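As structure tokens, the structure follows; a few thoughts come after it.
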Amino acid sequence: MTSYNLTHLEQLESEAIFVIREVASQFENPVLLFSGGKDSITVLRLAQKAFWPAKIPFSLMHIDTGHNFPETIQFRDKLVKELGVNLIVRTVQDSIDKGRAREEKGPNPSRNSLQTITLLDAIEEFKFDAAFGGARRDEEKARAKERFFSHRDEFGQWDPKNQRPELWNLFNGRKHVGEHFRVFPISNWTEMDVWQYIKREELEIPEIYFSHERDVVTRSGVLLARSEFITLMNDEAYEKRVVRFRTVGDMTCTGAVESPAADLDQIIQEVAAARVTERGGRADDKRSEAAMEDRKKQGYF
């Protein structure tokens with residue numbers, strides 16, 4: 001009798017592909033939210049496998065704050081061109097110009113939370129009824145509360161105390177007009193799983209994930225990269241450090257970590273020994289104890 005054993009990565013891959021195919025069968029107009037980060041790159045590969053040899057049957061969408069790392073945007077455009085997939089880009093700057101969003105004031109302004117407005121407007125504009133995301137339960141406590149199929153009401157809002165049960169592999173995608181779902185195929189993955197999968201699949205990722213020398217300033221314990229979007233305070237100065245990034249996002253809130261890890265094997269070893277969480281260097285998560293949950297309730301990713 002032939003035994004059929006899957007590795008843990010094969011089990012996670014199988015589960016994620018099942019979720020993606022469930023969305024294709026239950027929803028009329030899904031979209032894959034794509035930032036060019038390691039998690040959305042992983043979901044994109046899973047979507048390719050889910051429908052291979054056919055093309056991915058939905059578009060990608062990036063909500064661009066205009067303050068992203070240039071390396072990430074270059075990588076995003078290169079990958080989209082190579083794969084021949086359709087990419088929709090909606091910008092926070094457009095939301096500001098239309099009066100839909102207001103730029104933050106103060107010493108440390110960020111457009112990160114303003115993405116929610118642009119995202120919800122784009123979902124309404126294109127009438128998307130499901131939006132894939134690369135969020136994982138191990139990232140942050142609010143994300144740990146999410147279901148695979150996460151219901152959003154007609155205002156795009158999430159109620160963590162009123163979620164639909166998910167028994168075994170049964171996903172309830174029923175919705176009323178105007179409502180939509182966020183779907184997280186790699187919800188059960190860890191940061192380590194993602195890195196091991198990227199290595200196994202030989203996926204290309206933006207250079208900022210690897211160690212490099214960069215000008216950074218330390219602000220409230222977060223190493224922020226030099227950019228035109230950050231104004232130094234009186235006692236601050238940039239200094240060169242050897243760093244890399246564990247997450248990618250808006251430059252005004254995404255912190256670097258000091259690291260010599262220059263390839264995937266070294267990153268995997270580093271993550272295995274890490275004593276700080278993946279989002280421990282994100283200034284947006286430090287604004288309050290419930291910062292992420294508050295943003296998600298309003299419609300954030």
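Every chain in the structure tokens has a letter given in the order shown (A, B, ...), and although residue numbers restart at 1 in each chain, ligands are simply numbered from 1 in the order shown.
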Sorted per-residue table, range 180-208 of chain A near range 153-171 of chain A, closest atoms and distance, 10 Å, only C-alpha atoms, as JSON lines:
{"residue": "A:His180", "atom": "CA", "partner": "A:Asp153", "partner_atom": "CA", "distance": 6.8}
{"residue": "A:Phe181", "atom": "CA", "partner": "A:Asp153", "partner_atom": "CA", "distance": 8.5}
{"residue": "A:Arg182", "atom": "CA", "partner": "A:Trp158", "partner_atom": "CA", "distance": 9.6}
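When only C-alpha atoms are used to measure the gap to Asp64 in chain A, the shortest distance among A:Thr190, A:Ser3, A:Ser259, A:Thr91 belongs to A:Thr91.
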Straight-line distance linking CA of Ile20 in chain A with CA of Ala47 in chain A, stated in Å to one decimal: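 We find that CA of Ile20 in chain A and CA of Ala47 in chain A lie 6.7 Å from each other.
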Please provide as a list of chain:residue names all residues within 12 Å of Val276 in chain A, with the sequence filter that same-chain residues fewer than 3 positions apart are discarded (counting only C-alpha atoms).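 What passes the distance filter is A:Glu139, A:Arg246, A:Val257, A:Glu258, A:Glu270, A:Val271, A:Ala272, A:Ala273, A:Arg279, A:Gly280, A:Gly281, A:Arg282.
Nearest-residue note for Ala290 in chain A: choosing from A:Arg226, A:Arg200, A:Lys141, A:Lys240, the minimum distance belongs to A:Lys141, counting only C-alpha atoms.
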